[in-house]
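In what follows, a structure is listed as structure tokens, so that the remarks can point back to it.
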Number of protein chains: 2
Amino acid sequence: MDIEQFRKAGYAAVDSICDYYANIQNVPVKAQVQPGYLIDQLPTSAPEDGQEFSTIQQDFGKLILPGITHWQSPSFFAYFPSNSTFECMIADMLASSVSNPGFNWICSPACTELEQVVVEWAAKLLGLEKTFWGSSGVGGGVIMGSASDCAFTAGIAARERALRDLALQNGVKPSDKNGQIEIPDTIRNEYSQKLVIYGSTQTHSLGAKTAVMLGLPFRAVPVSIEDNYALTGASLKEAIEADIAQGLIPFLVYATVGTTSTGAVDKIDEIGGVLTNYPTVFLHVDAAWAGVAYALPEYRAPLELNGVNKYADSFCANFHKWGLTTFDCSIFCVKNRKDLTQALDVTPTYLRSKEADAGTVIDYRNWQPALGRRFRSIKLWFVLRSYGVKGFQQHLLRGIEHCQQLEKIVKQSSKFEIVTPPSLALIVFRLNPAKSQENANIDDDELNLINQKLFTALDLRYDIFLTQTVLHSKERNMFVIRLAMGGVHTKFSDVENAWRIVEEEGEKVLSEWKAQKAME
Amino acid sequence: MDIEQFRKAGYAAVDSICDYYANIQNVPVKAQVQPGYLIDQLPTSAPEDGQEFSTIQQDFGKLILPGITHWQSPSFFAYFPSNSTFECMIADMLASSVSNPGFNWICSPACTELEQVVVEWAAKLLGLEKTFWGSSGVGGGVIMGSASDCAFTAGIAARERALRDLALQNGVKPSDKNGQIEIPDTIRNEYSQKLVIYGSTQTHSLGAKTAVMLGLPFRAVPVSIEDNYALTGASLKEAIEADIAQGLIPFLVYATVGTTSTGAVDKIDEIGGVLTNYPTVFLHVDAAWAGVAYALPEYRAPLELNGVNKYADSFCANFHKWGLTTFDCSIFCVKNRKDLTQALDVTPTYLRSKEADAGTVIDYRNWQPALGRRFRSIKLWFVLRSYGVKGFQQHLLRGIEHCQQLEKIVKQSSKFEIVTPPSLALIVFRLNPAKSQENANIDDDELNLINQKLFTALDLRYDIFLTQTVLHSKERNMFVIRLAMGGVHTKFSDVENAWRIVEEEGEKVLSEWKAQKAME
């Protein structure tokens, strides 16, 4: 493709995106295809001869779009939103046009420096204190691909820091060369398999997955309904003490601000207070979804921002969820960048540069597991400038307002109950016939079955998309349904429409249940 | 930004990319900026009010482009090429327009299925046998962000497989439920810290970095100049036996097809033969750069494809290097997909889907460390269709031909020597005054100093970009300079121009050296 062919194809692509968004509210949110739909339509190997790009481009519409689940549809309420904005589509194409693997500063100085700048913008937007800012010279931030990348990176950093602490405690002296502790094999071999990670039963699977990848145990500390599914300091302390009594070594806690199941906010302040007694333990705060809401000053206290600033070693918020920035854009901030570089810096000669040798630049490869990295910062730069702080805040407030309005409706329902206080733009509910007195005394097992039926019915539909979860707690396990708001194109009428469908399907499930009851 | 504003801004972005490429050969390849250039020009926090997008868009040209190192410049010869094509810029924008986090099939069936299809196209294009194809139902491929992601993932899979083997050997029985071996803590605790990873001194730092992340030792087995820096079966066997004698457990070998420093090809067939005696060891073949050259049938034998097909458990080739596909697009194929899923599948209720429960679809999150993933396959789909196999091959052949022509020139030089046979499109050379008899008997230390001076001079220039490396071998260590061809826009006249500059700078360094010699 030459330059003029690209101009033509580029315009056509822009036009096709315009058409897509002009019509997105009229298309079922969920892809209406069966497994294998695309595999069956495509050749089994690449063509020998090159094809006309116009044909290829048309196939995007013909073959790909029918198999897309429309996360930007106003009727998308599953998982969490994954906002995509026009600003980011342009940013992605521009980034692609100056593509480079970004592993060090000289790969493209603009990439590293823009990332330094916008991550600090993001940190300030969210109210993270100076200790997390790159300009502090000690802390700093980086854009990662996902919250699981952040959690895993925190895990590696935490393990190495803990082993350095243990080395120090065992009399190892810092190196004369650079003042750093080199972890001797003896220390690594003695302590590595004694390390333990903590989270709660509500921690995202990124906690368990990090544990699997590190080959270490993950303690899913139980939570209680009365604490709204939040991890408390007391429960954490109990779990830590039990492990210490067994000769194990706690080294990492994943605390969550806005859990996936219910948007619960762990008691960061309590947890941080407990951890002051266990200084080897690294505290990572995963605010993947809710973190952007710190942009609203009135939500900082309820989301325990003070605790994050006071106690967290690292923090993650996904701007690619509710933060208007197209996937992927996960902000990862640390209070001590050396926690990362001491764990991840491996620099052979062919990756050295005079700027890095001089210590005047950041080479972001040493802040993350992988070597290569994309130019992600341009998306966030475009979004924060185009929306401004005020526009960003208004977007968040709209999602929260939708949730508050829906909450009122559900509370008035005679069939549905909200199972835990709604969190920001997430509401979690279940069908509960016991809400009307005639059907009192239904046990949890039966309620779970009823709600599984309802979810199955909803999941067979293509016009709305919601997701299921099971709430594990000390008291009981509940199968419930989640409805997450915050889409860029979602109006409250779309939420109302979704709720109307939920009510209709609920009514059917309830009628069947009653009919079956009557026959028993 | 509304739809019509996007249309306007999108067209403008396409036009700006056209301008960029129309002029790319006239711009110095390396960014001419000093550390901090961009940080100093940007505000320290996000603006309160949203800004006009046209202003933001102009700032890309004003502030970002001056800080870009132009990897698509015809004068880019550093590291390895990172090809970007117009097809991919369009693909990236389209992918961004239907963005989703891609962690399971229903996130967008088209994403998962297109990835399954094009990864198999890639595997067939490279001559990987059916055991690596997804359609085999046992093996399969996935697109990752980088070769280091692939190597790390192979590392996790290898460790878990080794521990399952050790569990079996210790009498643990497969679970009645799913026939899988669950690794007991006792086995994990006893053996985890005894595991050892192998590569050579020429293995990319991804080997050492994986080892750091897994907290395990990496044995960099020495190589020899007479083997052209390739890892041999005999050297590997010696290293493995030495560790076994110490009670350690070899579990993972990284073999490289096309090392970063010189493009060396490890003796895959020999290595595989040795490993048949150590069945617990997992063999990952990292062909990050050279792997795409398997698309040329005449290079399959010299690049030891038979060995890969016969012995490798996993294989990686970066289409985002020399493979016309914009970063990131790293193809990772395995012979047994369960090696991945048994190590990485963590599925809470909120990530379950009816299709995954039915076992009819792939959920790619269980093939990789992170949960979320971008829609990368569309780039590769566009490239392979637009170029066709023949066009893809022609692109590779052009880079190889440039290298062969340059080789002739360097061989005729009275000052420069090629230090190891050129590999595909990579030539590694050094200035060696001993090539003319009057200067015979210069030792390596002096040669290294001379070449460091030459590299420093070249690195201060902005009009060409080459990189340095140090070749470690049993015989000696040499500081050398790499010149990697294969850019999409590079003509042989660009290579000639680069070489003219190298000769000029070499002449200067040599004159200084001679003057200094004369004074001694």
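Identifiers in the structure tokens: chain A, B, ... in order shown; residue index from 1 per chain; ligand index from 1 in order shown.
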- Task: For Tyr11 (chain A), work out the shell of residues within 8 Å, counting only C-alpha atoms and skipping chain neighbours fewer than 2 positions away, then give it as a list of chain:residue names.
- Result: A:Arg7, A:Lys8, A:Ala9, A:Ala13, A:Val14, A:Asp15, B:Gly10, B:Tyr11, B:Val14
- Which neighbours of Gly215 (chain B) fall inside 9 Å, counting only C-alpha atoms, when residues of the same chain fewer than 4 positions from it are skipped, and could you give them as a ChimeraX atom specification? /A:156,159-160,188,192,214 /B:193,210-211
Could you turn the residues from that selection into a file that holds N, CA, C and O atoms, as a PDB file, in the first residue's frame?
```pdb
ATOM      1  N   ILE A 156       6.387  -9.418  42.093  1.00  0.00           N
ATOM      2  CA  ILE A 156       7.821  -9.656  41.906  1.00  0.00           C
ATOM      3  C   ILE A 156       8.620  -8.665  42.773  1.00  0.00           C
ATOM      4  O   ILE A 156       9.557  -9.040  43.481  1.00  0.00           O
ATOM      5  N   ARG A 159       8.368  -9.623  46.428  1.00  0.00           N
ATOM      6  CA  ARG A 159       9.170 -10.808  46.796  1.00  0.00           C
ATOM      7  C   ARG A 159      10.641 -10.446  46.918  1.00  0.00           C
ATOM      8  O   ARG A 159      11.308 -10.801  47.894  1.00  0.00           O
ATOM      9  N   GLU A 160      11.136  -9.698  45.938  1.00  0.00           N
ATOM     10  CA  GLU A 160      12.549  -9.346  45.984  1.00  0.00           C
ATOM     11  C   GLU A 160      12.851  -8.433  47.173  1.00  0.00           C
ATOM     12  O   GLU A 160      13.884  -8.573  47.819  1.00  0.00           O
ATOM     13  N   ARG A 188      17.718 -17.004  49.400  1.00  0.00           N
ATOM     14  CA  ARG A 188      16.624 -17.278  48.468  1.00  0.00           C
ATOM     15  C   ARG A 188      16.097 -18.714  48.656  1.00  0.00           C
ATOM     16  O   ARG A 188      14.889 -18.940  48.710  1.00  0.00           O
ATOM     17  N   SER A 192      12.327 -18.550  50.053  1.00  0.00           N
ATOM     18  CA  SER A 192      11.411 -18.324  48.924  1.00  0.00           C
ATOM     19  C   SER A 192      10.084 -19.051  49.067  1.00  0.00           C
ATOM     20  O   SER A 192       9.031 -18.498  48.779  1.00  0.00           O
ATOM     21  N   LEU A 214       3.845 -17.080  40.713  1.00  0.00           N
ATOM     22  CA  LEU A 214       5.011 -17.055  41.597  1.00  0.00           C
ATOM     23  C   LEU A 214       5.190 -18.402  42.303  1.00  0.00           C
ATOM     24  O   LEU A 214       6.191 -18.597  43.002  1.00  0.00           O
TER      25      LEU A 214
ATOM     26  N   GLN B 193      12.929 -24.645  44.501  1.00  0.00           N
ATOM     27  CA  GLN B 193      14.169 -23.870  44.475  1.00  0.00           C
ATOM     28  C   GLN B 193      15.356 -24.665  43.917  1.00  0.00           C
ATOM     29  O   GLN B 193      16.475 -24.188  43.923  1.00  0.00           O
ATOM     30  N   THR B 210      13.481 -13.722  32.859  1.00  0.00           N
ATOM     31  CA  THR B 210      12.533 -14.741  33.314  1.00  0.00           C
ATOM     32  C   THR B 210      13.062 -15.402  34.580  1.00  0.00           C
ATOM     33  O   THR B 210      12.310 -15.620  35.540  1.00  0.00           O
ATOM     34  N   ALA B 211      14.347 -15.690  34.576  1.00  0.00           N
ATOM     35  CA  ALA B 211      14.940 -16.327  35.746  1.00  0.00           C
ATOM     36  C   ALA B 211      14.781 -15.434  36.974  1.00  0.00           C
ATOM     37  O   ALA B 211      14.388 -15.891  38.052  1.00  0.00           O
TER      38      ALA B 211
END
```
- Query: What lies within 7 Å of region 74-91 of chain A using only C-alpha atoms, ignoring chain neighbours under 5 positions off, as a PyMOL selection string?
  - Reply: (chain A and resi 25+29+320-327+378-379+382-383+464-467+483-491+494+498) or (chain B and resi 1+6+10+13+93+96-97+99-100)
- Message: Residues within 8 Å of Ser146 (chain A), please, as a list in words. Count only C-alpha atoms; anything in the same chain fewer than 3 positions from it doesn't count.
- Response: Asp149, Cys150, Asn318, Asp328, Cys329 and Ser330 of chain A; Ala370, Leu371 and Gly372 of chain B
- Message: Give me, as a ChimeraX atom specification, all polymer residues having an atom no more than 9 Å from region 104-111 of chain A, counting only C-alpha atoms and skipping those fewer than 6 positions away in the same chain.
- Response: /A:351-353,355-356,361-366,371-372,374-378 /B:30-31,33-38,63-71
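Between CA of Val346 (chain A) and CA of Val221 (chain B) lies a distance of 17.4 Å.
Residue-level DSSP output for region 425-485 of chain A, from the backbone, shows strand (DSSP E) at Leu426, Ile427, Val428, Phe429, Arg430, Leu431, Thr467, Gln468, Thr469, Val470, Leu471, His472, Asn477, Met478, Phe479, Val480, Ile481, Arg482, Leu483 and Ala484 of chain A.
Across the model, the gap from CA of Tyr387 (chain B) to CA of Asp49 (chain A) is 6.9 Å.
Picture a line from CA of Gly247 (chain A) to CA of Val281 (chain A); it runs 15.2 Å.
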- Task: Please identify which residues in region 175-249 of chain B DSSP calls alpha helix (DSSP H) from the backbone, and express them as a PyMOL selection string.
- Result: chain B and resi 185-191+205-214+233-245
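Restricting the calculation to only C-alpha atoms, the smallest distance between Ser148 (chain B) and any of A:Trp381, A:Phe455, A:Phe103, A:Phe53 is found for A:Phe103.
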- Message: Measuring between only C-alpha atoms, which one of B:Ile244, B:Leu454, B:Met519, B:Ile409 shows the shortest distance to Val502 (chain B)?
- Response: B:Leu454
